[in-house]
Every structure is written in structure tokens, then in C-alpha cells.
>>> print(open('work-v1.txt').read())   # compact mmCIF, C-alpha atoms
# COMPACT_ATOMS: atom_id res chain seq x y z
CA MET A 1 221.46 -155.36 -104.92
CA MET A 2 222.76 -158.24 -102.82
CA LEU A 3 220.96 -156.90 -99.78
CA GLU A 4 217.67 -156.73 -101.68
CA LYS A 5 218.05 -160.38 -102.76
CA ILE A 6 218.75 -161.44 -99.18
CA VAL A 7 215.66 -159.59 -97.95
CA GLU A 8 213.64 -161.17 -100.77
CA TRP A 9 214.84 -164.67 -99.84
CA LEU A 10 214.16 -164.04 -96.17
CA GLY A 11 210.66 -162.91 -97.03
CA TYR A 12 210.17 -166.04 -99.18
CA ILE A 13 211.43 -168.33 -96.42
CA GLY A 14 209.38 -166.45 -93.83
CA GLY A 15 206.27 -167.03 -95.93
CA TRP A 16 206.78 -170.79 -95.63
CA ILE A 17 207.77 -170.84 -91.97
CA ARG A 18 204.26 -170.00 -90.74
CA PRO A 19 202.51 -172.81 -92.71
CA ILE A 20 205.16 -175.28 -91.51
CA VAL A 21 204.63 -174.19 -87.92
CA ILE A 22 200.85 -174.53 -88.30
CA PHE A 23 201.19 -178.00 -89.83
CA ALA A 24 203.60 -179.08 -87.08
CA THR A 25 201.14 -177.78 -84.47
CA PHE A 26 198.28 -179.87 -85.86
CA LEU A 27 200.56 -182.92 -86.10
CA ALA A 28 201.62 -182.44 -82.48
CA ALA A 29 197.94 -182.13 -81.53
CA GLY A 30 197.38 -185.53 -83.19
CA TYR A 31 200.09 -187.12 -81.05
CA ILE A 32 198.66 -185.48 -77.93
CA PHE A 33 195.18 -186.77 -78.83
CA THR A 34 196.39 -190.37 -79.21
CA PHE A 35 198.27 -190.09 -75.90
CA LEU A 36 195.17 -188.79 -74.09
CA LEU A 37 193.00 -191.47 -75.76
CA GLY A 38 195.36 -194.16 -74.48
CA ALA A 39 195.27 -192.65 -70.97
CA VAL A 40 191.47 -192.60 -70.94
CA LEU A 41 191.28 -196.21 -72.17
CA ARG A 42 193.74 -197.30 -69.48
CA LEU A 43 191.54 -195.69 -66.82
CA ILE A 44 188.39 -197.31 -68.21
CA TRP A 45 189.84 -200.79 -68.71
CA ARG A 46 192.36 -200.65 -65.85
CA LYS A 47 195.01 -202.06 -68.16
CA SER A 48 198.68 -201.24 -68.69
CA ARG A 49 199.90 -198.89 -71.41
CA ARG A 50 201.29 -201.81 -73.40
CA GLU A 51 197.96 -203.66 -73.38
CA VAL A 52 196.05 -200.58 -74.55
CA GLU A 53 198.64 -200.04 -77.31
CA GLU A 54 198.17 -203.62 -78.49
CA ILE A 55 194.37 -203.52 -78.29
CA ILE A 56 193.59 -200.33 -80.18
CA ILE A 57 196.13 -197.48 -80.38
CA LYS A 58 198.47 -199.20 -82.85
CA LYS A 59 195.54 -199.85 -85.18
CA ILE A 60 194.38 -196.25 -85.46
CA ARG A 61 197.36 -194.01 -84.59
CA LEU A 62 198.43 -193.49 -88.21
CA ALA A 63 194.85 -192.77 -89.30
CA ILE A 64 194.36 -190.23 -86.48
CA LEU A 65 197.61 -188.44 -87.36
CA THR A 66 196.53 -188.38 -91.00
CA VAL A 67 193.22 -186.75 -90.09
CA PHE A 68 194.94 -184.08 -87.97
CA SER A 69 197.42 -183.45 -90.80
CA LEU A 70 194.60 -183.01 -93.33
CA VAL A 71 192.79 -180.62 -90.99
CA GLY A 72 196.04 -178.67 -90.69
CA LEU A 73 196.45 -178.54 -94.48
CA HIS A 74 192.86 -177.37 -94.86
CA PHE A 75 193.47 -174.61 -92.31
CA ILE A 76 196.70 -173.55 -94.03
CA LEU A 77 195.02 -173.61 -97.43
CA TRP A 78 192.48 -170.96 -96.44
CA ARG A 79 194.57 -169.09 -93.84
CA GLU A 80 197.52 -168.45 -96.12
CA ALA A 81 195.64 -168.22 -99.44
CA LEU A 82 198.40 -170.15 -101.23
CA PHE A 83 196.38 -170.73 -104.41
CA SER A 84 193.54 -169.15 -106.31
CA GLU A 85 190.03 -169.51 -104.83
CA ASN A 86 188.90 -172.11 -107.40
CA ILE A 87 191.93 -174.31 -106.75
CA ARG A 88 191.47 -173.89 -103.00
CA ASN A 89 187.84 -175.00 -103.32
CA TYR A 90 188.75 -178.18 -105.21
CA ILE A 91 191.59 -179.04 -102.81
CA SER A 92 189.34 -178.26 -99.83
CA LEU A 93 186.66 -180.67 -101.12
CA LEU A 94 189.26 -183.38 -101.62
CA ILE A 95 190.64 -182.87 -98.11
CA LEU A 96 187.18 -182.95 -96.49
CA VAL A 97 186.26 -186.15 -98.36
CA LEU A 98 189.51 -187.77 -97.22
CA ILE A 99 188.86 -186.67 -93.64
CA VAL A 100 185.37 -188.27 -93.69
CA VAL A 101 186.60 -191.53 -95.27
CA ILE A 102 189.59 -191.88 -92.94
CA SER A 103 187.47 -191.00 -89.89
CA ALA A 104 184.98 -193.73 -90.88
CA SER A 105 187.89 -196.15 -91.16
CA ILE A 106 189.12 -195.13 -87.70
CA VAL A 107 185.69 -195.68 -86.15
CA THR A 108 185.17 -199.11 -87.76
CA LYS A 109 188.67 -200.30 -86.86
CA ALA A 110 188.36 -199.09 -83.28
CA ILE A 111 184.91 -200.63 -82.76
CA GLY A 112 185.97 -203.89 -84.44
CA ARG A 113 189.06 -204.14 -82.24
CA LEU A 114 187.05 -203.35 -79.11
CA LEU A 115 184.46 -205.99 -79.97
CA SER A 116 187.17 -208.58 -80.63
CA HIS A 117 188.81 -207.77 -77.31
CA TYR A 118 185.48 -207.97 -75.51
CA ALA A 119 184.75 -211.33 -77.16
CA SER A 120 188.15 -212.66 -76.03
CA GLN A 121 187.13 -211.85 -72.44
CA LYS A 122 183.69 -213.45 -72.89
CA PRO A 123 183.89 -216.49 -75.21
CA SER A 124 180.09 -216.77 -75.31
CA LEU A 125 180.01 -213.60 -77.44
CA LYS A 126 182.23 -214.94 -80.21
CA GLY A 127 179.29 -216.09 -82.30
CA ALA A 128 177.63 -212.65 -82.30
CA ILE A 129 180.69 -210.44 -82.78
CA PRO A 130 181.17 -210.95 -86.58
CA ILE A 131 177.56 -210.11 -87.51
CA PHE A 132 177.43 -207.20 -85.06
CA SER A 133 180.74 -205.85 -86.38
CA LYS A 134 179.43 -206.02 -89.96
CA LEU A 135 176.27 -204.13 -89.01
CA VAL A 136 178.34 -201.40 -87.35
CA ASN A 137 180.60 -201.15 -90.42
CA ILE A 138 177.61 -200.84 -92.76
CA PHE A 139 176.03 -198.15 -90.59
CA VAL A 140 179.26 -196.10 -90.29
CA TYR A 141 180.06 -196.25 -94.01
CA VAL A 142 176.49 -195.34 -94.99
CA ILE A 143 176.75 -192.25 -92.77
CA ALA A 144 180.17 -191.46 -94.30
CA PHE A 145 178.75 -191.84 -97.83
CA ILE A 146 175.92 -189.41 -97.04
CA LEU A 147 178.41 -186.89 -95.61
CA VAL A 148 180.61 -187.15 -98.72
CA LEU A 149 177.62 -186.48 -100.96
CA HIS A 150 176.71 -183.49 -98.81
CA ILE A 151 180.28 -182.14 -99.04
CA LEU A 152 180.16 -182.50 -102.83
CA GLY A 153 177.00 -180.41 -102.92
CA VAL A 154 174.46 -183.19 -103.51
CA ASN A 155 171.05 -182.73 -101.87
CA VAL A 156 170.86 -185.73 -99.53
CA THR A 157 167.42 -184.98 -98.03
CA ALA A 158 165.61 -187.22 -100.51
CA LEU A 159 168.28 -189.91 -100.10
CA VAL A 160 167.96 -189.94 -96.30
CA ALA A 161 164.17 -190.09 -96.56
CA GLY A 162 164.44 -192.94 -99.06
CA LEU A 163 166.82 -194.85 -96.81
CA GLY A 164 164.40 -194.41 -93.92
CA ILE A 165 161.50 -195.81 -95.93
CA ALA A 166 163.68 -198.62 -97.26
CA GLY A 167 164.76 -199.43 -93.70
CA ILE A 168 161.15 -199.73 -92.55
CA ALA A 169 160.31 -201.96 -95.53
CA VAL A 170 163.32 -204.19 -94.86
CA ALA A 171 162.40 -204.39 -91.15
CA PHE A 172 158.90 -205.65 -92.05
CA ALA A 173 160.26 -208.10 -94.62
CA LEU A 174 162.87 -209.47 -92.21
CA GLN A 175 160.67 -209.38 -89.13
CA GLU A 176 161.20 -213.07 -88.31
CA THR A 177 164.95 -212.88 -88.94
CA LEU A 178 165.29 -209.76 -86.80
CA SER A 179 163.27 -211.43 -84.05
CA GLN A 180 165.72 -214.35 -84.06
CA PHE A 181 168.69 -211.96 -84.13
CA PHE A 182 167.58 -209.87 -81.14
CA ALA A 183 166.65 -213.00 -79.23
CA GLY A 184 170.16 -214.30 -79.91
CA MET A 185 171.62 -210.99 -78.70
CA TYR A 186 169.58 -211.33 -75.49
CA ILE A 187 170.84 -214.87 -74.86
CA ILE A 188 174.45 -213.87 -75.52
CA SER A 189 174.36 -210.70 -73.41
CA GLU A 190 172.18 -211.79 -70.47
CA HIS A 191 173.59 -215.37 -70.23
CA PRO A 192 170.45 -217.29 -69.16
CA ILE A 193 172.35 -220.17 -70.76
CA LYS A 194 175.88 -220.42 -72.12
CA ILE A 195 177.98 -222.85 -74.13
CA GLY A 196 178.74 -225.95 -72.07
CA ASP A 197 175.60 -225.76 -69.88
CA PHE A 198 173.43 -228.83 -69.51
CA ILE A 199 169.79 -227.77 -69.87
CA GLU A 200 166.33 -229.30 -70.04
CA LEU A 201 163.62 -227.75 -72.19
CA GLU A 202 159.97 -227.62 -71.16
CA THR A 203 159.34 -230.23 -73.89
CA GLY A 204 161.53 -232.67 -71.92
CA GLN A 205 164.54 -232.62 -74.26
CA ARG A 206 167.89 -232.40 -72.49
CA GLY A 207 171.43 -231.81 -73.62
CA TYR A 208 174.57 -229.67 -73.62
CA VAL A 209 174.54 -226.23 -75.26
CA VAL A 210 177.19 -226.47 -78.01
CA ASP A 211 176.54 -223.29 -79.99
CA ILE A 212 174.64 -220.01 -79.60
CA GLY A 213 174.28 -218.23 -82.94
CA TRP A 214 172.49 -215.08 -84.00
CA ARG A 215 169.54 -217.11 -85.33
CA SER A 216 169.43 -220.41 -83.44
CA THR A 217 170.93 -222.38 -80.56
CA LYS A 218 172.23 -225.94 -80.85
CA ILE A 219 171.82 -228.48 -78.05
CA LYS A 220 173.58 -231.84 -78.13
CA GLU A 221 171.64 -234.64 -76.43
CA LEU A 222 173.39 -237.45 -74.55
CA PRO A 223 172.86 -239.89 -77.49
CA ASP A 224 174.79 -237.32 -79.62
CA ASN A 225 171.74 -235.99 -81.45
CA VAL A 226 171.72 -232.24 -82.09
CA ILE A 227 168.59 -230.15 -81.48
CA ILE A 228 168.42 -226.81 -83.31
CA ILE A 229 166.08 -224.32 -81.61
CA PRO A 230 165.17 -220.87 -83.01
CA ASN A 231 166.29 -218.25 -80.50
CA SER A 232 162.87 -216.57 -80.37
CA LYS A 233 161.30 -219.84 -79.16
CA LEU A 234 164.13 -220.52 -76.74
CA VAL A 235 163.82 -217.18 -74.90
CA SER A 236 160.05 -217.64 -74.48
CA SER A 237 160.25 -221.21 -73.14
CA ILE A 238 160.86 -222.51 -69.62
CA ILE A 239 164.39 -223.92 -69.27
CA LYS A 240 165.92 -225.88 -66.42
CA ASN A 241 169.67 -225.16 -66.29
CA TYR A 242 171.53 -227.95 -64.47
CA SER A 243 174.80 -225.99 -64.67
CA GLU A 244 173.58 -222.98 -62.65
CA PRO A 245 174.44 -221.73 -60.13
CA GLN A 246 177.09 -224.49 -60.23
CA THR A 247 177.68 -227.72 -62.11
CA GLU A 248 177.65 -229.85 -58.94
CA MET A 249 174.23 -231.35 -58.31
CA ASN A 250 172.39 -233.85 -56.11
CA PHE A 251 170.30 -236.66 -57.54
CA VAL A 252 168.07 -239.31 -56.02
CA ILE A 253 168.03 -243.09 -56.41
CA PRO A 254 164.80 -244.74 -55.11
CA VAL A 255 165.19 -248.11 -53.31
CA THR A 256 162.75 -250.52 -51.63
CA VAL A 257 163.44 -253.16 -48.95
CA SER A 258 161.05 -255.79 -47.66
CA TYR A 259 158.95 -255.47 -44.53
CA GLY A 260 160.70 -256.98 -41.56
CA SER A 261 164.09 -255.50 -42.50
CA ASP A 262 166.24 -253.90 -39.80
CA LEU A 263 165.98 -250.27 -40.92
CA GLU A 264 169.02 -249.13 -38.92
CA LYS A 265 171.12 -251.81 -40.62
CA VAL A 266 169.66 -250.97 -44.04
CA GLU A 267 170.62 -247.32 -43.57
CA ARG A 268 174.16 -248.10 -42.40
CA VAL A 269 174.87 -250.62 -45.18
CA THR A 270 173.39 -248.43 -47.93
CA LEU A 271 175.41 -245.37 -46.93
CA GLU A 272 178.60 -247.42 -46.69
CA VAL A 273 178.05 -248.69 -50.22
CA ALA A 274 177.30 -245.16 -51.48
CA GLU A 275 180.50 -243.72 -49.96
CA ASP A 276 182.63 -246.61 -51.28
CA VAL A 277 181.28 -246.25 -54.82
CA MET A 278 181.87 -242.48 -54.87
CA LYS A 279 185.45 -243.04 -53.75
CA LYS A 280 185.90 -245.78 -56.34
CA LEU A 281 184.83 -243.41 -59.14
CA GLY A 282 187.00 -240.58 -57.79
CA ILE A 283 184.09 -238.33 -56.89
CA LYS A 284 185.39 -236.24 -53.99
CA LEU A 285 183.15 -233.36 -52.96
CA SER A 286 184.10 -231.50 -49.82
CA GLY A 287 181.38 -231.21 -47.21
CA PHE A 288 179.07 -233.79 -48.78
CA LYS A 289 178.07 -237.22 -47.51
CA PRO A 290 175.41 -239.49 -49.04
CA LEU A 291 171.99 -239.24 -47.43
CA LEU A 292 169.21 -241.77 -46.90
CA ARG A 293 165.62 -240.77 -46.20
CA TYR A 294 162.72 -243.19 -45.72
CA THR A 295 159.71 -241.95 -47.65
CA SER A 296 156.71 -244.33 -47.52
CA PHE A 297 155.28 -247.76 -46.81
CA GLY A 298 154.71 -249.28 -50.21
CA GLU A 299 152.64 -252.21 -51.41
CA SER A 300 155.65 -254.54 -51.44
CA GLY A 301 158.05 -252.96 -48.94
CA ILE A 302 159.47 -249.84 -47.33
CA ASN A 303 160.53 -247.13 -49.78
CA PHE A 304 163.43 -244.73 -49.33
CA ASN A 305 165.62 -242.41 -51.37
CA VAL A 306 169.41 -242.31 -51.50
CA VAL A 307 170.78 -238.83 -52.24
CA LEU A 308 174.11 -238.76 -54.06
CA ARG A 309 176.09 -235.84 -55.54
CA VAL A 310 178.12 -235.51 -58.74
CA LYS A 311 180.37 -232.84 -60.26
CA GLU A 312 178.24 -232.51 -63.40
CA PHE A 313 175.03 -233.98 -64.81
CA LYS A 314 176.41 -236.78 -66.98
CA GLN A 315 178.42 -238.25 -64.09
CA GLN A 316 175.26 -239.53 -62.40
CA PHE A 317 174.82 -242.35 -64.93
CA PRO A 318 178.05 -244.29 -64.19
CA LEU A 319 177.56 -243.57 -60.48
CA THR A 320 174.02 -244.98 -60.54
CA HIS A 321 175.27 -248.01 -62.49
CA GLU A 322 178.03 -248.86 -60.02
CA PHE A 323 175.92 -248.07 -56.96
CA MET A 324 173.11 -250.44 -57.99
CA LYS A 325 175.56 -253.29 -58.70
CA GLU A 326 177.42 -252.90 -55.43
CA LEU A 327 174.23 -252.38 -53.40
CA TYR A 328 172.68 -255.57 -54.78
CA LYS A 329 175.81 -257.57 -53.88
CA ARG A 330 175.99 -256.11 -50.38
CA TYR A 331 172.28 -256.63 -49.67
CA LYS A 332 172.60 -260.24 -50.75
CA LYS A 333 175.57 -260.69 -48.43
CA GLU A 334 173.87 -258.97 -45.48
CA GLY A 335 170.57 -260.80 -45.96
CA ILE A 336 168.62 -257.66 -46.83
CA VAL A 337 165.79 -258.46 -49.22
CA ILE A 338 164.70 -256.32 -52.15
CA PRO A 339 161.09 -257.51 -52.56
CA TYR A 340 159.26 -258.48 -55.69
CA PRO A 341 155.99 -256.64 -56.24
CA THR A 342 153.32 -258.56 -54.31
CA ARG A 343 149.64 -258.12 -53.69
CA VAL A 344 147.47 -259.97 -51.20
CA VAL A 345 143.97 -260.80 -52.39
CA TYR A 346 141.35 -261.79 -49.81
CA LEU A 347 138.45 -263.96 -51.07
CA GLU A 348 135.30 -263.83 -49.07
CA GLU A 349 133.00 -266.85 -49.16
CA LYS A 350 129.35 -266.05 -49.12
CA SER A 351 127.18 -268.40 -47.09
CA LYS A 352 124.32 -270.05 -48.94
>>> encode(input="work-v1.txt", output="C-alpha cells")
Amino acid sequence: MMLEKIVEWLGYIGGWIRPIVIFATFLAAGYIFTFLLGAVLRLIWRKSRREVEEIIIKKIRLAILTVFSLVGLHFILWREALFSENIRNYISLLILVLIVVISASIVTKAIGRLLSHYASQKPSLKGAIPIFSKLVNIFVYVIAFILVLHILGVNVTALVAGLGIAGIAVAFALQETLSQFFAGMYIISEHPIKIGDFIELETGQRGYVVDIGWRSTKIKELPDNVIIIPNSKLVSSIIKNYSEPQTEMNFVIPVTVSYGSDLEKVERVTLEVAEDVMKKLGIKLSGFKPLLRYTSFGESGINFNVVLRVKEFKQQFPLTHEFMKELYKRYKKEGIVIPYPTRVVYLEEKSK
């Protein structure tokens, strides 16, 4: 009698050992999957294990293990036939719905974390990441909702067709908005301009780019006015970017001296003043020296250009200011004349 009970208990315990082993196997597979995912991400990003853990693995590990556990339970449910077929069907539906919902959560969390990490590496993308992340979330959860309906036995063919027609209708209704959005995505991804650049539009307006949004771009002019330009117009216009390929730039100051001036002396004095003013303002650019080039014989004197260089666009205004003051003083001291506009008129007398 005792022996029969022992055999019975062993058989009972043995009946539970196999499901436990199966469940443990699926759980171990979940851990192996997260480990391999981290290894692949480290190879792609060339980052350390700790960085990959912080970026994405910690956010989705529990969800991945939950999905593998549910798959294991579903397998055990039908492999071991623990309950009646009706009960198994209901539990199976519940497990499949949970798998779809949790998988959607994993995908949205992973993509959101990846986008945030990418934006941290490229600050110009920060304005587009929230809207793009929301669009991805909506798309993933709509797909998950359709899959859940399909699992529950609902015919989703009409629903999918309806969503397609609705999508086309929305695209036509929001044509202008979508045009602005995709233009904004182009600006953010291709970087023809970026935040902090000083640009000039083909309309003549100039300023610093202070914000690039999904619909419009804001440019702050030097008098502190803000210009708001729709992205679709910005990408189709001609733009001069003073910050590319570098922020350093040359600029020209036109000057005129009177006829009869010693041009060698004019050149030497002008360049001395230019170098002194650049040093005074702390503008030190390796490999650059001010240039002077005579250009034409004008109506009132000899014209020439002085080429100076600054670290960024706005710096040319104080440099021009100081250069003109110092040049005027030095010319006065050296006896170099800046002529007034003059015109000689010859009157011819007609003989009677």
C-alpha cells in the first residue's frame, strides 16, 4: 500500500517536472536572446556593454522575458493537455493577446529609446524626434490592435481596407501639412542648414537659425526680429550659408584715396592699421594676413578693397567700425587724403 502511494506521488511529481523543465527552457532562451541582442547592438554601435545596457536592454529585458515565458506557457498548455480543450482555447487566446500587446510595447520602447539616443548624438534632430516617435507608436499599436482582433476571430479584412481608404483621405486633407513635415525631415536629416548657422535667403533676409521644427524654421535677424519660414518654401529656395564649410569668413571694405597719393605708402599704412585693429579686438586667425587690392580709377580717386577675416559673421561689424575709425586717424596723420566726390565740368564757348 505504501509502495503504491510512493509510486503515485512519483508519477504526480514526474508529471509536473516536464512542464517546469519546458518553462525553464523558454525562460533561459529569453535570457540568451537578450544577451545576443546586446552583443549585436555593441557590434553595430561600437559601444561598451554598459552603454548598451543603459541605452536599451534595461528598458525591454523584463518585457522580452515575459514574452518568452508566455510562449512557454502556451506550448505547455497544448503539449501537456493540462485542462479541457475549451479552457485551453480561452487561456491560449489570452496568452496570444498578451504576447501581441507586450511585443508592441517592446517595439515602441526600443524604437523610442533608439531615437532619443540618436537625437542626443545629433542635437539638430531633437525637434523631430517627438513627432516621429509618436507616429511610430501609433503605427505599431494599430498593427497590434488588428492582430488582436484577428486572434479573437474578428474578420479584419474590411477594417484594413477601411483604414487604407481613410489613410488616403487623410493624406489628401493634410497634403500641405505633410508637405511641411517631410520638408522638415529633409532639413533635419540632410543638414543643408542647422541650428546656429547664419544664412541669407534669396529674398535678402539674413539671420541665425534658432529652431528647425517639423512644420517651419525660425531665423533670428541681427535686430532680434524672428522670421518664420514654412519648411516647404525653405527647401525650394536658394540659401547662402555663411557658416559652411566653416564659420570663419573673409569680408571686404572698399576704400578710396585721392589721385597723387603714394600707393606703396597707402598699402603699407592700411595693412598696418588692419593688423593692429584685429589684434586689438582679439581676432587671431592662423595663416591669415589682411590683404589690399587696388581695383579701379574712380571719378574722385583710386579705389581699392581691404580684405579682412573674422571668426563668424557678426564679428565683422565691430571690426569694420574700429578699422574705419583707426584708418581715418592714421590717414590724417600720414597726410593721405580720402577725397570728396568731385566732378570736372568743361564749358565750351561758341564763337559768334
>>> residues_around(input="work-v1.txt", residues="Ile138 of chain A", least_positions_apart="6", cutoff="12 Å", atoms="all atoms listed in the file", output="PyMOL selection string")
chain A and resi 104-105+107-108+131-132+144-145
>>> closest_residue(input="work-v1.txt", among="A:Ile60, A:Lys240, A:Val337, A:Phe313", to="Gly260 of chain A", atoms="only C-alpha atoms")
A:Val337
>>> closest_residue(input="work-v1.txt", among="A:Asp262, A:Glu244, A:Asp224, A:Glu312", to="Ile283 of chain A", atoms="only C-alpha atoms")
A:Glu312
>>> atom_distance(input="work-v1.txt", atom1="atom CA of Asn303 of chain A", atom2="atom CA of Met278 of chain A")
22.4 Å
>>> residues_around(input="work-v1.txt", residues="Ile32 of chain A", least_positions_apart="5", cutoff="12 Å", atoms="only C-alpha atoms", output="list of chain:residue names")
A:Thr25, A:Phe26, A:Leu27, A:Leu37, A:Gly38, A:Ala39, A:Arg61, A:Ile64, A:Leu65, A:Phe68
>>> closest_residue(input="work-v1.txt", among="A:Asn231, A:Ser300, A:Ser116, A:Ser243", to="Lys194 of chain A", atoms="only C-alpha atoms")
A:Ser243
>>> closest_residue(input="work-v1.txt", among="A:Leu43, A:Tyr90, A:Ile22, A:Asp197", to="Val71 of chain A", atoms="only C-alpha atoms")
A:Ile22
>>> atom_distance(input="work-v1.txt", atom1="atom CA of Gly301 of chain A", atom2="atom CA of Ile253 of chain A")
15.9 Å
>>> closest_residue(input="work-v1.txt", among="A:Asn86, A:Ser286, A:Thr203, A:Thr270", to="Val306 of chain A", atoms="only C-alpha atoms")
A:Thr270
>>> atom_distance(input="work-v1.txt", atom1="atom CA of Val257 of chain A", atom2="atom CA of Gln315 of chain A")
26.0 Å
>>> decode(input="work-v1.txt", residues="segment 285-315 of chain A", atoms="N, CA and C atoms", output="PDB file, in the first residue's frame")
ATOM      1  N   LEU A 285      43.729  84.632 -36.253  1.00  0.00           N
ATOM      2  CA  LEU A 285      43.443  83.550 -37.188  1.00  0.00           C
ATOM      3  C   LEU A 285      44.748  83.118 -37.830  1.00  0.00           C
ATOM      4  N   SER A 286      45.141  81.889 -37.541  1.00  0.00           N
ATOM      5  CA  SER A 286      46.431  81.406 -38.026  1.00  0.00           C
ATOM      6  C   SER A 286      46.453  81.354 -39.549  1.00  0.00           C
ATOM      7  N   GLY A 287      47.570  81.813 -40.108  1.00  0.00           N
ATOM      8  CA  GLY A 287      47.746  81.745 -41.554  1.00  0.00           C
ATOM      9  C   GLY A 287      47.073  82.846 -42.337  1.00  0.00           C
ATOM     10  N   PHE A 288      46.453  83.829 -41.650  1.00  0.00           N
ATOM     11  CA  PHE A 288      45.777  84.894 -42.386  1.00  0.00           C
ATOM     12  C   PHE A 288      46.403  86.236 -42.075  1.00  0.00           C
ATOM     13  N   LYS A 289      46.596  87.036 -43.144  1.00  0.00           N
ATOM     14  CA  LYS A 289      47.017  88.420 -43.005  1.00  0.00           C
ATOM     15  C   LYS A 289      46.108  89.270 -43.882  1.00  0.00           C
ATOM     16  N   PRO A 290      45.766  90.481 -43.422  1.00  0.00           N
ATOM     17  CA  PRO A 290      44.905  91.358 -44.238  1.00  0.00           C
ATOM     18  C   PRO A 290      45.504  91.595 -45.624  1.00  0.00           C
ATOM     19  N   LEU A 291      44.621  91.741 -46.592  1.00  0.00           N
ATOM     20  CA  LEU A 291      45.047  91.955 -47.971  1.00  0.00           C
ATOM     21  C   LEU A 291      44.523  93.297 -48.478  1.00  0.00           C
ATOM     22  N   LEU A 292      45.265  93.884 -49.421  1.00  0.00           N
ATOM     23  CA  LEU A 292      44.812  95.108 -50.078  1.00  0.00           C
ATOM     24  C   LEU A 292      44.970  94.906 -51.573  1.00  0.00           C
ATOM     25  N   ARG A 293      43.908  95.191 -52.318  1.00  0.00           N
ATOM     26  CA  ARG A 293      43.961  95.062 -53.770  1.00  0.00           C
ATOM     27  C   ARG A 293      43.325  96.295 -54.411  1.00  0.00           C
ATOM     28  N   TYR A 294      44.141  96.998 -55.237  1.00  0.00           N
ATOM     29  CA  TYR A 294      43.615  98.140 -55.984  1.00  0.00           C
ATOM     30  C   TYR A 294      42.680  97.618 -57.079  1.00  0.00           C
ATOM     31  N   THR A 295      41.569  98.324 -57.264  1.00  0.00           N
ATOM     32  CA  THR A 295      40.539  97.792 -58.165  1.00  0.00           C
ATOM     33  C   THR A 295      40.240  98.681 -59.372  1.00  0.00           C
ATOM     34  N   SER A 296      40.229 100.036 -59.192  1.00  0.00           N
ATOM     35  CA  SER A 296      39.835 100.868 -60.333  1.00  0.00           C
ATOM     36  C   SER A 296      40.211 102.329 -60.089  1.00  0.00           C
ATOM     37  N   PHE A 297      40.242 103.074 -61.189  1.00  0.00           N
ATOM     38  CA  PHE A 297      40.403 104.525 -61.115  1.00  0.00           C
ATOM     39  C   PHE A 297      38.999 105.121 -61.121  1.00  0.00           C
ATOM     40  N   GLY A 298      38.624 105.719 -60.019  1.00  0.00           N
ATOM     41  CA  GLY A 298      37.285 106.257 -59.905  1.00  0.00           C
ATOM     42  C   GLY A 298      37.188 107.704 -60.334  1.00  0.00           C
ATOM     43  N   GLU A 299      36.002 108.266 -60.216  1.00  0.00           N
ATOM     44  CA  GLU A 299      35.791 109.662 -60.597  1.00  0.00           C
ATOM     45  C   GLU A 299      36.518 110.615 -59.662  1.00  0.00           C
ATOM     46  N   SER A 300      36.634 110.216 -58.372  1.00  0.00           N
ATOM     47  CA  SER A 300      37.221 111.121 -57.386  1.00  0.00           C
ATOM     48  C   SER A 300      38.579 110.658 -56.879  1.00  0.00           C
ATOM     49  N   GLY A 301      38.942 109.380 -57.127  1.00  0.00           N
ATOM     50  CA  GLY A 301      40.209 108.884 -56.620  1.00  0.00           C
ATOM     51  C   GLY A 301      40.450 107.446 -57.041  1.00  0.00           C
ATOM     52  N   ILE A 302      41.416 106.829 -56.402  1.00  0.00           N
ATOM     53  CA  ILE A 302      41.794 105.455 -56.719  1.00  0.00           C
ATOM     54  C   ILE A 302      41.088 104.524 -55.729  1.00  0.00           C
ATOM     55  N   ASN A 303      40.376 103.561 -56.250  1.00  0.00           N
ATOM     56  CA  ASN A 303      39.597 102.643 -55.408  1.00  0.00           C
ATOM     57  C   ASN A 303      40.375 101.365 -55.109  1.00  0.00           C
ATOM     58  N   PHE A 304      40.195 100.856 -53.905  1.00  0.00           N
ATOM     59  CA  PHE A 304      40.790  99.555 -53.556  1.00  0.00           C
ATOM     60  C   PHE A 304      39.943  98.885 -52.485  1.00  0.00           C
ATOM     61  N   ASN A 305      40.159  97.597 -52.329  1.00  0.00           N
ATOM     62  CA  ASN A 305      39.449  96.809 -51.321  1.00  0.00           C
ATOM     63  C   ASN A 305      40.433  96.302 -50.270  1.00  0.00           C
ATOM     64  N   VAL A 306      39.994  96.331 -49.027  1.00  0.00           N
ATOM     65  CA  VAL A 306      40.756  95.733 -47.928  1.00  0.00           C
ATOM     66  C   VAL A 306      40.019  94.458 -47.509  1.00  0.00           C
ATOM     67  N   VAL A 307      40.732  93.332 -47.547  1.00  0.00           N
ATOM     68  CA  VAL A 307      40.128  92.037 -47.205  1.00  0.00           C
ATOM     69  C   VAL A 307      40.521  91.683 -45.775  1.00  0.00           C
ATOM     70  N   LEU A 308      39.516  91.547 -44.921  1.00  0.00           N
ATOM     71  CA  LEU A 308      39.723  91.155 -43.532  1.00  0.00           C
ATOM     72  C   LEU A 308      39.026  89.810 -43.283  1.00  0.00           C
ATOM     73  N   ARG A 309      39.302  89.192 -42.159  1.00  0.00           N
ATOM     74  CA  ARG A 309      38.731  87.875 -41.843  1.00  0.00           C
ATOM     75  C   ARG A 309      38.251  87.860 -40.396  1.00  0.00           C
ATOM     76  N   VAL A 310      37.103  87.225 -40.177  1.00  0.00           N
ATOM     77  CA  VAL A 310      36.531  87.132 -38.833  1.00  0.00           C
ATOM     78  C   VAL A 310      36.180  85.676 -38.533  1.00  0.00           C
ATOM     79  N   LYS A 311      35.952  85.386 -37.247  1.00  0.00           N
ATOM     80  CA  LYS A 311      35.640  84.016 -36.830  1.00  0.00           C
ATOM     81  C   LYS A 311      34.194  83.643 -37.134  1.00  0.00           C
ATOM     82  N   GLU A 312      33.304  84.606 -37.160  1.00  0.00           N
ATOM     83  CA  GLU A 312      31.909  84.359 -37.532  1.00  0.00           C
ATOM     84  C   GLU A 312      31.287  85.657 -38.026  1.00  0.00           C
ATOM     85  N   PHE A 313      30.159  85.562 -38.708  1.00  0.00           N
ATOM     86  CA  PHE A 313      29.597  86.657 -39.488  1.00  0.00           C
ATOM     87  C   PHE A 313      29.436  87.947 -38.685  1.00  0.00           C
ATOM     88  N   LYS A 314      28.856  87.867 -37.505  1.00  0.00           N
ATOM     89  CA  LYS A 314      28.514  89.071 -36.747  1.00  0.00           C
ATOM     90  C   LYS A 314      29.745  89.860 -36.301  1.00  0.00           C
ATOM     91  N   GLN A 315      30.901  89.209 -36.280  1.00  0.00           N
ATOM     92  CA  GLN A 315      32.115  89.869 -35.798  1.00  0.00           C
ATOM     93  C   GLN A 315      32.625  90.926 -36.765  1.00  0.00           C
TER      94      GLN A 315
END
